[in-house]
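J.: Contents of my_file_38.cif (mmCIF, C-alpha atoms) are given next:
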data_query
#
loop_
_atom_site.group_PDB
_atom_site.id
_atom_site.type_symbol
_atom_site.label_atom_id
_atom_site.label_comp_id
_atom_site.auth_asym_id
_atom_site.auth_seq_id
_atom_site.Cartn_x
_atom_site.Cartn_y
_atom_site.Cartn_z
ATOM 1 C CA MET A 17 -11.781 63.831 78.274
ATOM 2 C CA SER A 18 -12.878 67.057 80.012
ATOM 3 C CA GLY A 19 -11.903 70.488 78.734
ATOM 4 C CA GLU A 20 -9.466 70.872 81.622
ATOM 5 C CA GLY A 21 -7.927 67.510 80.816
ATOM 6 C CA GLN A 22 -7.583 68.538 77.184
ATOM 7 C CA ASP A 23 -5.796 71.734 78.225
ATOM 8 C CA ARG A 24 -3.340 69.800 80.363
ATOM 9 C CA LEU A 25 -2.711 67.336 77.548
ATOM 10 C CA TYR A 26 -2.054 70.143 75.088
ATOM 11 C CA GLU A 27 0.440 71.760 77.477
ATOM 12 C CA ARG A 28 2.331 68.476 77.619
ATOM 13 C CA LEU A 29 2.233 68.090 73.836
ATOM 14 C CA LYS A 30 3.460 71.650 73.273
ATOM 15 C CA ALA A 31 6.478 70.938 75.467
ATOM 16 C CA TYR A 32 7.815 68.682 72.696
ATOM 17 C CA GLU A 33 8.026 71.514 70.171
ATOM 18 C CA GLY A 34 11.668 72.157 69.267
ATOM 19 C CA ARG A 35 12.803 68.747 70.508
ATOM 20 C CA PRO A 36 14.525 66.377 68.075
ATOM 21 C CA ALA A 37 12.411 63.870 66.163
ATOM 22 C CA ALA A 38 15.421 62.152 64.563
ATOM 23 C CA THR A 39 19.141 62.630 65.004
ATOM 24 C CA GLY A 40 22.113 61.434 62.998
ATOM 25 C CA GLY A 41 19.937 59.900 60.326
ATOM 26 C CA ARG A 42 21.683 58.413 57.335
ATOM 27 C CA GLY A 43 20.206 57.454 53.964
ATOM 28 C CA LYS A 44 20.271 53.720 53.366
ATOM 29 C CA ASP A 45 21.591 54.254 49.835
ATOM 30 C CA PRO A 46 23.578 57.061 48.233
ATOM 31 C CA VAL A 47 21.849 59.008 45.483
ATOM 32 C CA ASN A 48 21.933 56.646 42.484
ATOM 33 C CA LEU A 49 20.854 56.424 38.845
ATOM 34 C CA PRO A 50 18.653 53.285 39.129
ATOM 35 C CA MET A 51 16.397 54.938 41.728
ATOM 36 C CA ILE A 52 16.298 58.119 39.637
ATOM 37 C CA ARG A 53 15.314 56.101 36.583
ATOM 38 C CA HIS A 54 12.561 54.212 38.405
ATOM 39 C CA TRP A 55 11.198 57.462 39.848
ATOM 40 C CA CYS A 56 11.127 59.155 36.435
ATOM 41 C CA GLU A 57 9.411 56.172 34.838
ATOM 42 C CA ALA A 58 6.774 56.093 37.578
ATOM 43 C CA MET A 59 6.154 59.850 37.291
ATOM 44 C CA GLY A 60 6.396 59.989 33.512
ATOM 45 C CA ASP A 61 9.143 62.637 33.814
ATOM 46 C CA GLU A 62 11.429 62.586 30.765
ATOM 47 C CA HIS A 63 13.473 65.714 31.514
ATOM 48 C CA PRO A 64 17.002 65.265 30.097
ATOM 49 C CA ALA A 65 18.585 66.650 33.296
ATOM 50 C CA TYR A 66 17.772 63.339 35.008
ATOM 51 C CA ARG A 67 19.620 61.137 32.478
ATOM 52 C CA GLY A 68 23.192 60.622 31.372
ATOM 53 C CA PRO A 69 26.592 61.107 33.035
ATOM 54 C CA GLU A 70 25.763 64.603 34.325
ATOM 55 C CA ALA A 71 22.367 63.584 35.724
ATOM 56 C CA VAL A 72 20.924 65.154 38.845
ATOM 57 C CA ALA A 73 18.082 63.759 40.931
ATOM 58 C CA PRO A 74 14.607 65.265 40.533
ATOM 59 C CA PRO A 75 14.216 67.723 43.430
ATOM 60 C CA THR A 76 10.946 66.095 44.523
ATOM 61 C CA MET A 77 12.901 62.913 45.318
ATOM 62 C CA LEU A 78 14.283 64.704 48.390
ATOM 63 C CA GLN A 79 12.312 62.535 50.849
ATOM 64 C CA ALA A 80 13.038 59.307 48.936
ATOM 65 C CA TRP A 81 16.714 59.355 49.958
ATOM 66 C CA THR A 82 15.796 59.504 53.660
ATOM 67 C CA MET A 83 13.179 56.743 53.775
ATOM 68 C CA GLY A 84 13.870 53.731 55.939
ATOM 69 C CA GLY A 85 11.900 51.193 53.893
ATOM 70 C CA LEU A 86 10.026 48.307 55.517
ATOM 71 C CA SER A 87 12.784 47.769 58.080
ATOM 72 C CA GLY A 88 12.568 51.417 59.181
ATOM 73 C CA HIS A 89 15.201 53.688 60.693
ATOM 74 C CA GLU A 90 16.765 53.434 64.116
ATOM 75 C CA ASP A 91 17.322 57.179 64.300
ATOM 76 C CA ARG A 92 13.906 58.217 65.666
ATOM 77 C CA SER A 93 14.411 60.122 68.887
ATOM 78 C CA GLU A 94 13.109 59.086 72.271
ATOM 79 C CA ALA A 95 11.261 62.402 72.531
ATOM 80 C CA TYR A 96 9.307 61.762 69.329
ATOM 81 C CA GLY A 97 8.325 58.303 70.547
ATOM 82 C CA GLU A 98 7.108 59.854 73.821
ATOM 83 C CA LEU A 99 5.041 62.424 71.936
ATOM 84 C CA LEU A 100 3.303 59.765 69.867
ATOM 85 C CA GLY A 101 2.826 57.658 72.990
ATOM 86 C CA LEU A 102 1.044 60.555 74.724
ATOM 87 C CA LEU A 103 -1.309 60.902 71.769
ATOM 88 C CA ASP A 104 -1.972 57.161 71.680
ATOM 89 C CA GLY A 105 -2.691 57.157 75.407
ATOM 90 C CA ALA A 106 -5.231 59.957 74.963
ATOM 91 C CA GLY A 107 -7.121 57.851 72.402
ATOM 92 C CA TYR A 108 -5.646 59.413 69.265
ATOM 93 C CA THR A 109 -4.471 56.079 67.925
ATOM 94 C CA SER A 110 -5.115 56.555 64.193
ATOM 95 C CA VAL A 111 -2.719 58.403 61.923
ATOM 96 C CA VAL A 112 -2.889 59.915 58.468
ATOM 97 C CA ALA A 113 -0.323 61.959 56.564
ATOM 98 C CA THR A 114 -1.900 65.253 55.510
ATOM 99 C CA ASP A 115 0.673 67.301 53.585
ATOM 100 C CA CYS A 116 4.329 68.155 53.146
ATOM 101 C CA GLU A 117 6.414 71.184 52.161
ATOM 102 C CA GLN A 118 9.864 71.011 50.613
ATOM 103 C CA GLU A 119 12.600 73.580 49.994
ATOM 104 C CA TYR A 120 15.468 72.760 47.601
ATOM 105 C CA LEU A 121 18.847 74.404 48.204
ATOM 106 C CA ARG A 122 21.167 72.414 45.924
ATOM 107 C CA PRO A 123 20.733 69.564 43.423
ATOM 108 C CA LEU A 124 21.507 66.017 44.505
ATOM 109 C CA ARG A 125 23.792 63.975 42.254
ATOM 110 C CA PRO A 126 24.565 60.263 42.005
ATOM 111 C CA GLY A 127 27.075 59.333 44.671
ATOM 112 C CA ASP A 128 25.926 61.918 47.243
ATOM 113 C CA GLU A 129 25.747 60.436 50.737
ATOM 114 C CA ILE A 130 22.622 61.658 52.528
ATOM 115 C CA THR A 131 22.366 62.508 56.216
ATOM 116 C CA PHE A 132 19.530 64.218 58.041
ATOM 117 C CA ASP A 133 18.176 65.476 61.345
ATOM 118 C CA ALA A 134 14.550 66.232 62.203
ATOM 119 C CA VAL A 135 12.811 68.343 64.832
ATOM 120 C CA VAL A 136 9.236 68.529 66.132
ATOM 121 C CA GLU A 137 8.306 71.904 64.718
ATOM 122 C CA SER A 138 4.738 72.235 65.979
ATOM 123 C CA VAL A 139 1.809 70.447 67.604
ATOM 124 C CA SER A 140 -1.597 71.965 66.883
ATOM 125 C CA PRO A 141 -4.445 72.492 69.335
ATOM 126 C CA ARG A 142 -7.112 69.812 69.174
ATOM 127 C CA LYS A 143 -8.871 69.908 65.801
ATOM 128 C CA THR A 144 -12.015 68.205 64.561
ATOM 129 C CA THR A 145 -11.946 66.932 60.984
ATOM 130 C CA ARG A 146 -14.153 64.669 58.923
ATOM 131 C CA LEU A 147 -11.886 61.770 59.882
ATOM 132 C CA GLY A 148 -12.135 62.511 63.586
ATOM 133 C CA THR A 149 -10.685 64.668 66.359
ATOM 134 C CA GLY A 150 -6.969 64.923 67.090
ATOM 135 C CA HIS A 151 -3.749 66.939 66.816
ATOM 136 C CA PHE A 152 -1.600 67.820 63.808
ATOM 137 C CA VAL A 153 2.103 67.133 64.366
ATOM 138 C CA THR A 154 4.603 68.817 62.024
ATOM 139 C CA THR A 155 8.238 67.759 61.796
ATOM 140 C CA ARG A 156 10.971 69.556 59.865
ATOM 141 C CA MET A 157 13.799 67.515 58.399
ATOM 142 C CA ASP A 158 17.088 69.065 57.291
ATOM 143 C CA VAL A 159 18.615 66.969 54.507
ATOM 144 C CA ARG A 160 22.363 67.193 53.869
ATOM 145 C CA ALA A 161 24.603 65.883 51.111
ATOM 146 C CA GLY A 162 28.264 65.528 52.049
ATOM 147 C CA GLY A 163 27.536 67.629 55.133
ATOM 148 C CA GLU A 164 26.069 70.514 53.092
ATOM 149 C CA LEU A 165 22.420 71.483 53.572
ATOM 150 C CA ALA A 166 20.601 70.373 50.399
ATOM 151 C CA GLY A 167 16.974 70.930 51.362
ATOM 152 C CA THR A 168 14.322 70.902 54.056
ATOM 153 C CA HIS A 169 11.256 68.714 54.275
ATOM 154 C CA ARG A 170 8.261 69.528 56.478
ATOM 155 C CA PHE A 171 5.918 66.604 57.039
ATOM 156 C CA ARG A 172 2.550 66.864 58.774
ATOM 157 C CA ILE A 173 0.460 64.057 60.212
ATOM 158 C CA LEU A 174 -2.857 63.977 62.034
ATOM 159 C CA LYS A 175 -3.034 61.730 65.082
ATOM 160 C CA TYR A 176 -6.753 61.298 65.700
ATOM 161 C CA ALA A 177 -9.585 59.320 67.236
ATOM 162 C CA PRO A 178 -11.829 58.180 64.366
ATOM 163 C CA ALA A 179 -15.242 59.835 64.241
ATOM 164 C CA ALA A 180 -18.130 57.505 64.968
ATOM 165 C CA ARG A 181 -19.958 56.700 61.767
ATOM 166 C CA PRO A 182 -23.531 55.437 61.635
ATOM 167 C CA ALA A 183 -23.729 51.901 60.404
ATOM 168 C CA PRO A 184 -24.921 51.890 56.804
ATOM 169 C CA PRO A 185 -28.338 50.309 56.327
ATOM 170 C CA PRO A 186 -28.070 46.745 55.124
ATOM 171 C CA GLU A 187 -28.075 46.700 51.361
ATOM 172 C CA ARG A 188 -30.919 44.740 49.901
ATOM 173 C CA PRO A 189 -29.603 42.185 47.431
ATOM 174 C CA ARG A 190 -30.600 42.706 43.818
ATOM 175 C CA ARG A 191 -32.874 40.211 42.161
ATOM 176 C CA PRO A 192 -31.097 37.735 39.900
ATOM 177 C CA ARG A 193 -30.546 38.986 36.372
ATOM 178 C CA PRO A 194 -32.410 37.173 33.570
ATOM 179 C CA VAL A 195 -30.266 35.194 31.155
ATOM 180 C CA ILE A 196 -30.439 37.130 27.884
ATOM 181 C CA ASN A 197 -29.135 35.527 24.696
ATOM 182 C CA ARG A 198 -29.664 35.832 20.953
ATOM 183 C CA ASP A 199 -32.777 33.648 21.109
ATOM 184 C CA ASN A 200 -34.679 35.760 23.679
ATOM 185 C CA ALA A 201 -33.117 39.225 23.428
ATOM 186 C CA GLY A 202 -36.150 40.510 21.488
ATOM 187 C CA PHE A 203 -38.468 39.567 24.355
ATOM 188 C CA TRP A 204 -36.415 41.579 26.865
ATOM 189 C CA GLU A 205 -36.188 44.517 24.474
ATOM 190 C CA GLY A 206 -39.984 44.456 24.431
ATOM 191 C CA VAL A 207 -40.139 44.393 28.230
ATOM 192 C CA ALA A 208 -37.870 47.448 28.360
ATOM 193 C CA ALA A 209 -40.410 49.205 26.087
ATOM 194 C CA HIS A 210 -43.361 47.925 28.215
ATOM 195 C CA ARG A 211 -44.507 45.515 25.509
ATOM 196 C CA LEU A 212 -45.119 41.798 26.042
ATOM 197 C CA LEU A 213 -44.107 40.158 22.766
ATOM 198 C CA ILE A 214 -45.084 36.636 21.686
ATOM 199 C CA GLN A 215 -43.437 34.774 18.829
ATOM 200 C CA ARG A 216 -45.565 33.609 15.874
ATOM 201 C CA CYS A 217 -44.278 31.109 13.326
ATOM 202 C CA THR A 218 -44.355 32.585 9.823
ATOM 203 C CA ALA A 219 -44.848 29.115 8.323
ATOM 204 C CA CYS A 220 -47.780 27.691 10.309
ATOM 205 C CA GLY A 221 -48.926 30.664 12.380
ATOM 206 C CA THR A 222 -48.456 28.902 15.752
ATOM 207 C CA LEU A 223 -47.869 31.206 18.698
ATOM 208 C CA ARG A 224 -45.139 30.196 21.098
ATOM 209 C CA PHE A 225 -43.943 31.272 24.515
ATOM 210 C CA PRO A 226 -41.324 31.249 25.947
ATOM 211 C CA TRP A 227 -39.253 32.320 22.977
ATOM 212 C CA LEU A 228 -37.554 29.527 21.019
ATOM 213 C CA PRO A 229 -35.190 29.516 18.008
ATOM 214 C CA GLY A 230 -37.619 27.388 15.966
ATOM 215 C CA CYS A 231 -41.299 26.446 15.839
ATOM 216 C CA HIS A 232 -42.235 23.578 18.163
ATOM 217 C CA ALA A 233 -45.190 22.696 15.907
ATOM 218 C CA CYS A 234 -43.632 22.528 12.443
ATOM 219 C CA GLY A 235 -39.903 23.148 13.050
ATOM 220 C CA ALA A 236 -39.696 26.170 10.758
ATOM 221 C CA PRO A 237 -37.081 28.769 11.807
ATOM 222 C CA GLY A 238 -38.925 31.901 10.629
ATOM 223 C CA TRP A 239 -40.958 33.969 13.040
ATOM 224 C CA GLU A 240 -42.496 37.358 13.767
ATOM 225 C CA THR A 241 -43.892 38.933 16.932
ATOM 226 C CA VAL A 242 -47.371 39.658 18.223
ATOM 227 C CA GLU A 243 -47.906 42.069 21.089
ATOM 228 C CA ALA A 244 -50.026 40.522 23.839
ATOM 229 C CA SER A 245 -53.107 42.413 24.942
ATOM 230 C CA GLY A 246 -52.130 41.932 28.560
ATOM 231 C CA GLU A 247 -55.357 40.164 29.546
ATOM 232 C CA GLY A 248 -55.175 36.735 31.120
ATOM 233 C CA THR A 249 -56.280 34.337 33.833
ATOM 234 C CA VAL A 250 -54.504 32.319 36.499
ATOM 235 C CA PHE A 251 -54.191 28.805 35.035
ATOM 236 C CA SER A 252 -52.231 27.520 38.054
ATOM 237 C CA TYR A 253 -50.110 28.943 40.836
ATOM 238 C CA VAL A 254 -47.819 28.191 43.756
ATOM 239 C CA VAL A 255 -47.164 30.145 46.952
ATOM 240 C CA MET A 256 -43.470 30.398 47.750
ATOM 241 C CA HIS A 257 -42.673 30.039 51.459
ATOM 242 C CA HIS A 258 -39.314 28.261 51.529
ATOM 243 C CA PRO A 259 -36.447 28.408 50.852
ATOM 244 C CA PRO A 260 -36.057 32.178 51.258
ATOM 245 C CA PHE A 261 -34.017 33.684 48.420
ATOM 246 C CA PRO A 262 -32.145 36.989 48.778
ATOM 247 C CA ALA A 263 -34.119 39.952 47.336
ATOM 248 C CA PHE A 264 -37.446 38.099 47.680
ATOM 249 C CA ASP A 265 -39.953 38.456 50.538
ATOM 250 C CA PRO A 266 -41.880 35.232 51.032
ATOM 251 C CA PRO A 267 -44.638 34.279 51.047
ATOM 252 C CA TYR A 268 -45.624 35.382 47.544
ATOM 253 C CA ALA A 269 -47.671 33.939 44.702
ATOM 254 C CA VAL A 270 -46.152 32.826 41.400
ATOM 255 C CA GLY A 271 -48.745 32.161 38.728
ATOM 256 C CA LEU A 272 -48.862 30.269 35.467
ATOM 257 C CA ILE A 273 -50.838 32.836 33.503
ATOM 258 C CA GLU A 274 -52.869 31.875 30.444
ATOM 259 C CA LEU A 275 -52.880 34.882 28.142
ATOM 260 C CA ALA A 276 -55.881 35.805 26.018
ATOM 261 C CA GLU A 277 -53.793 34.839 22.987
ATOM 262 C CA GLY A 278 -53.618 31.220 24.227
ATOM 263 C CA VAL A 279 -50.008 30.894 25.394
ATOM 264 C CA ARG A 280 -48.971 30.637 29.017
ATOM 265 C CA MET A 281 -46.185 32.359 30.971
ATOM 266 C CA ILE A 282 -44.897 32.387 34.537
ATOM 267 C CA ALA A 283 -44.973 35.642 36.506
ATOM 268 C CA ASN A 284 -45.717 37.041 39.935
ATOM 269 C CA VAL A 285 -49.345 37.726 40.826
ATOM 270 C CA VAL A 286 -49.722 41.087 42.604
ATOM 271 C CA GLY A 287 -52.489 43.315 43.914
ATOM 272 C CA VAL A 288 -54.069 40.621 46.059
ATOM 273 C CA PRO A 289 -52.820 38.735 49.155
ATOM 274 C CA TYR A 290 -50.991 35.545 48.259
ATOM 275 C CA ASP A 291 -53.677 33.445 49.980
ATOM 276 C CA LYS A 292 -56.446 35.021 47.873
ATOM 277 C CA VAL A 293 -55.043 33.937 44.517
ATOM 278 C CA ARG A 294 -57.358 31.478 42.804
ATOM 279 C CA ILE A 295 -57.327 29.434 39.600
ATOM 280 C CA GLY A 296 -59.390 31.233 36.966
ATOM 281 C CA MET A 297 -58.808 34.660 38.537
ATOM 282 C CA PRO A 298 -58.665 37.358 35.846
ATOM 283 C CA VAL A 299 -55.405 39.311 35.764
ATOM 284 C CA ARG A 300 -53.944 42.152 33.741
ATOM 285 C CA LEU A 301 -50.348 42.764 32.699
ATOM 286 C CA GLU A 302 -48.253 45.541 34.199
ATOM 287 C CA PHE A 303 -44.545 46.200 34.480
ATOM 288 C CA GLN A 304 -42.958 46.442 37.921
ATOM 289 C CA ARG A 305 -39.580 48.024 38.646
ATOM 290 C CA VAL A 306 -37.687 45.726 40.994
ATOM 291 C CA ASP A 307 -34.428 47.698 41.210
ATOM 292 C CA GLU A 308 -32.638 50.623 39.591
ATOM 293 C CA GLU A 309 -31.909 48.634 36.428
ATOM 294 C CA GLN A 310 -34.621 46.045 36.032
ATOM 295 C CA GLU A 311 -38.345 45.964 35.265
ATOM 296 C CA LEU A 312 -40.317 42.725 35.002
ATOM 297 C CA PRO A 313 -43.751 41.784 33.684
ATOM 298 C CA VAL A 314 -46.170 40.896 36.497
ATOM 299 C CA PHE A 315 -49.923 40.309 36.553
ATOM 300 C CA ARG A 316 -52.267 42.266 38.773
ATOM 301 C CA ALA A 317 -55.533 40.742 39.880
ATOM 302 C CA VAL A 318 -58.407 42.507 38.184
ATOM 303 C CA ASP A 319 -60.642 44.484 40.588
ATOM 304 C CA GLY A 320 -63.535 42.474 41.905
ATOM 305 C CA PRO A 321 -65.203 41.634 45.225
ATOM 306 C CA GLU A 322 -62.466 39.208 46.263
ATOM 307 C CA THR A 323 -59.670 41.513 45.135
ATOM 308 C CA ALA A 324 -61.158 44.502 46.864
ATOM 309 C CA GLU A 325 -61.402 42.517 50.087
ATOM 310 C CA GLY A 326 -57.761 41.505 49.720
ATOM 311 C CA GLU A 327 -56.640 45.076 49.054
ATOM 312 C CA ARG A 328 -58.198 46.169 52.327
#
Let me see the file written as structure tokens.

T.:
Amino acid sequence: MSGEGQDRLYERLKAYEGRPAATGGRGKDPVNLPMIRHWCEAMGDEHPAYRGPEAVAPPTMLQAWTMGGLSGHEDRSEAYGELLGLLDGAGYTSVVATDCEQEYLRPLRPGDEITFDAVVESVSPRKTTRLGTGHFVTTRMDVRAGGELAGTHRFRILKYAPAARPAPPPERPRRPRPVINRDNAGFWEGVAAHRLLIQRCTACGTLRFPWLPGCHACGAPGWETVEASGEGTVFSYVVMHHPPFPAFDPPYAVGLIELAEGVRMIANVVGVPYDKVRIGMPVRLEFQRVDEEQELPVFRAVDGPETAEGER
């Protein structure tokens, strides 16, 4: 909308100031102890003035006695509906309550019958907020008990057109988490410390990997750890093309690495194109961070003529 169009719109909106927003409103329930009790429980307010035969309602419940509930009120004025319709027609179709002000003139007591009237007190010039651009509309409600003014309630809303927000970049899925249990927790603690730990049976001295609760050679349960040197060779490998898994970028090489210590483990082969990986290729351990929480052992091809060509 042009600046001139905005000016004309604002003139029309301002014309509603002072016109009724609601007339002859009546509270759906008289002031009552059950609602007071529920309010106090929700707010954690244990003031003795709100309990017993001489109880009064908490002053901040002023608006509660005028609410229409899910079925609403039928006392909204035609003028207020027109004002909101103008704002909707200008593209200010979203609404958010921003603040309220209350003034308490007399306490409300159980049995008080509540009536109210409301007026459009002000419509602001066009404002730009973080939510978007629109107009603040303030209504003032006069709340009466038995015909006597008990308080006033000013309520302000923003009718706005939501600000355009850039689409967030697609979030890359995290790699699956390893299954960590009491049998392999020590291995993952080693990885976190950048150590590749191998189990060694304390009975027969057999090295084993992956970690197991007992020796596969002699069955003994006792074990200790040996830190791998990190040197190894590609014993076998596959190149993953399909199916594509979230958080992985195929094609990539997954190697069965024979460590210098004699055990074998599965890990990604990096530092060389996937189609340059070869059986017998020397590799060296390193730890690669794959997301903000996880590092994994991988094996980098050791520099050589073929690796150098691949790196180019």

J.: Determine the residue membership of the PyMOL selection byres ((chain A and resi 303) around 12) for the file above and supply it as a ChimeraX atom specification.

T.: /A:206-212,246,283-286,300-302,304-306,310-316

J.: So which residues get picked by the PyMOL selection byres ((chain A and resi 243) around 6) here, written as a ChimeraX atom specification?

T.: /A:212-213,242,244

J.: Using only C-alpha atoms, give me every residue within 12 Å of (-46.8, 27.1, 30.9) in file coordinates, as a PyMOL selection string.

T.: chain A and resi 224-226+250-253+270-275+278-283

J.: Would you kindly return, as a list in words, each protein, DNA or RNA residue with an atom no farther than 9 Å from any atom of Pro298 of chain A, considering all atoms listed in the file and excluding same-chain residues fewer than 6 positions away?

T.: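 With the cut-off at 9 Å, the set is Glu247, Gly248, Thr249, Val250, Arg316, Ala317, Val318 and Asp319 of chain A.
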
J.: If we draw a sphere of 12 Å around (-30.1, 34.9, 27.0), which residues have at least one atom in it when counting only C-alpha atoms? Please report them as a PDB file with C-alpha atoms, in the coordinates of the input.

T.:
ATOM      1  CA  ARG A 193     -30.546  38.986  36.372  1.00  0.00           C
ATOM      2  CA  PRO A 194     -32.410  37.173  33.570  1.00  0.00           C
ATOM      3  CA  VAL A 195     -30.266  35.194  31.155  1.00  0.00           C
ATOM      4  CA  ILE A 196     -30.439  37.130  27.884  1.00  0.00           C
ATOM      5  CA  ASN A 197     -29.135  35.527  24.696  1.00  0.00           C
ATOM      6  CA  ARG A 198     -29.664  35.832  20.953  1.00  0.00           C
ATOM      7  CA  ASP A 199     -32.777  33.648  21.109  1.00  0.00           C
ATOM      8  CA  ASN A 200     -34.679  35.760  23.679  1.00  0.00           C
ATOM      9  CA  ALA A 201     -33.117  39.225  23.428  1.00  0.00           C
ATOM     10  CA  GLY A 202     -36.150  40.510  21.488  1.00  0.00           C
ATOM     11  CA  PHE A 203     -38.468  39.567  24.355  1.00  0.00           C
ATOM     12  CA  TRP A 204     -36.415  41.579  26.865  1.00  0.00           C
ATOM     13  CA  GLU A 205     -36.188  44.517  24.474  1.00  0.00           C
ATOM     14  CA  PRO A 226     -41.324  31.249  25.947  1.00  0.00           C
ATOM     15  CA  TRP A 227     -39.253  32.320  22.977  1.00  0.00           C
ATOM     16  CA  LEU A 228     -37.554  29.527  21.019  1.00  0.00           C
ATOM     17  CA  PRO A 229     -35.190  29.516  18.008  1.00  0.00           C
TER      18      PRO A 229
END

J.: How many Å lie between atom CA of Thr241 of chain A and atom CA of Ala269 of chain A, rounded to one decimal?

T.: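 Distance reported for this atom pair: 28.5 Å.
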
J.: Kindly provide the residues of segment 150-199 of chain A that approach segment 130-141 of chain A to within 10 Å, each paired with its closest atom pair and their distance in Å to one decimal, based on all atoms listed in the file, listed by chain and increasing number, as CSV.

T.:
residue,atom,partner,partner_atom,distance
A:Gly150,CA,A:Pro141,CA,8.3
A:His151,CA,A:Ser140,CA,5.5
A:Phe152,CA,A:Ser140,CA,5.2
A:Val153,CA,A:Val139,CA,4.6
A:Thr154,CA,A:Ser138,CA,5.2
A:Thr155,CA,A:Val136,CA,4.5
A:Arg156,CA,A:Ala134,CA,5.4
A:Met157,CA,A:Ala134,CA,4.1
A:Asp158,CA,A:Phe132,CA,5.5
A:Val159,CA,A:Phe132,CA,4.6
A:Arg160,CA,A:Thr131,CA,5.2
A:Ala161,CA,A:Ile130,CA,4.9
A:Gly162,CA,A:Ile130,CA,6.9
A:Gly163,CA,A:Thr131,CA,7.4
A:Glu164,CA,A:Thr131,CA,9.4
A:Leu165,CA,A:Phe132,CA,9.0
A:Ala166,CA,A:Ile130,CA,9.2
A:Gly167,CA,A:Phe132,CA,9.8
A:Thr168,CA,A:Phe132,CA,9.4
A:His169,CA,A:Ala134,CA,8.9
A:Arg170,CA,A:Glu137,CA,8.6
A:Phe171,CA,A:Glu137,CA,9.6
A:Arg172,CA,A:Ser138,CA,9.2
A:Ile173,CA,A:Val139,CA,9.9
A:Leu174,CA,A:Ser140,CA,9.4

J.: Let me know the residues the PyMOL selection byres ((chain A and resi 230-238) around 8) catches in the file above, as a list in words.

T.: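 Evaluating the PyMOL selection byres ((chain A and resi 230-238) around 8) on this file yields Cys217, Thr218, Ala219, Cys220, Thr222, Arg224, Leu228, Pro229, Trp239 and Glu240 of chain A.
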
J.: For the atom pair atom CA of Pro189 of chain A and atom CA of Pro262 of chain A, what is the interatomic distance in Å to one decimal place?

T.: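 Taking atom CA of Pro189 of chain A as the start and atom CA of Pro262 of chain A as the end point, the length is 5.9 Å.
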
J.: A:Leu49, A:Ala177, A:Leu86, A:Ala31: which is nearest Val111 of chain A, counting only C-alpha atoms?

T.: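 Closest candidate: A:Ala177.
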
J.: Please identify all polymer residues within 6 Å of Tyr108 of chain A, counting all atoms listed in the file, omitting same-chain residues fewer than 5 positions from it, and present them as a ChimeraX atom specification.

T.: /A:103,175-177

J.: Next, dump the selected residues to file, keeping only C-alpha atoms, as a compact mmCIF listing (two decimals), in the frame of the given file.

T.:
# COMPACT_ATOMS: atom_id res chain seq x y z
CA LEU A 103 -1.31 60.90 71.77
CA LYS A 175 -3.03 61.73 65.08
CA TYR A 176 -6.75 61.30 65.70
CA ALA A 177 -9.59 59.32 67.24

J.: Write out N, CA, C and O atoms for segment 19-27 of chain A, as a short mmCIF file (atom, residue, chain, number, x, y, z; two decimals), keeping the file's coordinate frame.

T.:
data_model
loop_
_atom_site.label_atom_id
_atom_site.label_comp_id
_atom_site.auth_asym_id
_atom_site.auth_seq_id
_atom_site.Cartn_x
_atom_site.Cartn_y
_atom_site.Cartn_z
N GLY A 19 -12.64 69.36 79.30
CA GLY A 19 -11.90 70.49 78.73
C GLY A 19 -10.62 70.76 79.48
O GLY A 19 -9.58 71.07 78.87
N GLU A 20 -10.67 70.64 80.82
CA GLU A 20 -9.47 70.87 81.62
C GLU A 20 -8.40 69.83 81.31
O GLU A 20 -7.21 70.13 81.20
N GLY A 21 -8.87 68.57 81.16
CA GLY A 21 -7.93 67.51 80.82
C GLY A 21 -7.30 67.73 79.45
O GLY A 21 -6.11 67.46 79.25
N GLN A 22 -8.11 68.24 78.52
CA GLN A 22 -7.58 68.54 77.18
C GLN A 22 -6.51 69.63 77.26
O GLN A 22 -5.49 69.57 76.57
N ASP A 23 -6.77 70.65 78.08
CA ASP A 23 -5.80 71.73 78.22
C ASP A 23 -4.47 71.22 78.76
O ASP A 23 -3.40 71.60 78.29
N ARG A 24 -4.57 70.34 79.78
CA ARG A 24 -3.34 69.80 80.36
C ARG A 24 -2.59 68.95 79.35
O ARG A 24 -1.37 69.00 79.26
N LEU A 25 -3.35 68.16 78.57
CA LEU A 25 -2.71 67.34 77.55
C LEU A 25 -2.00 68.21 76.53
O LEU A 25 -0.86 67.94 76.15
N TYR A 26 -2.66 69.29 76.11
CA TYR A 26 -2.05 70.14 75.09
C TYR A 26 -0.78 70.81 75.61
O TYR A 26 0.20 70.97 74.88
N GLU A 27 -0.78 71.18 76.88
CA GLU A 27 0.44 71.76 77.48
C GLU A 27 1.59 70.76 77.40
O GLU A 27 2.73 71.12 77.09
#
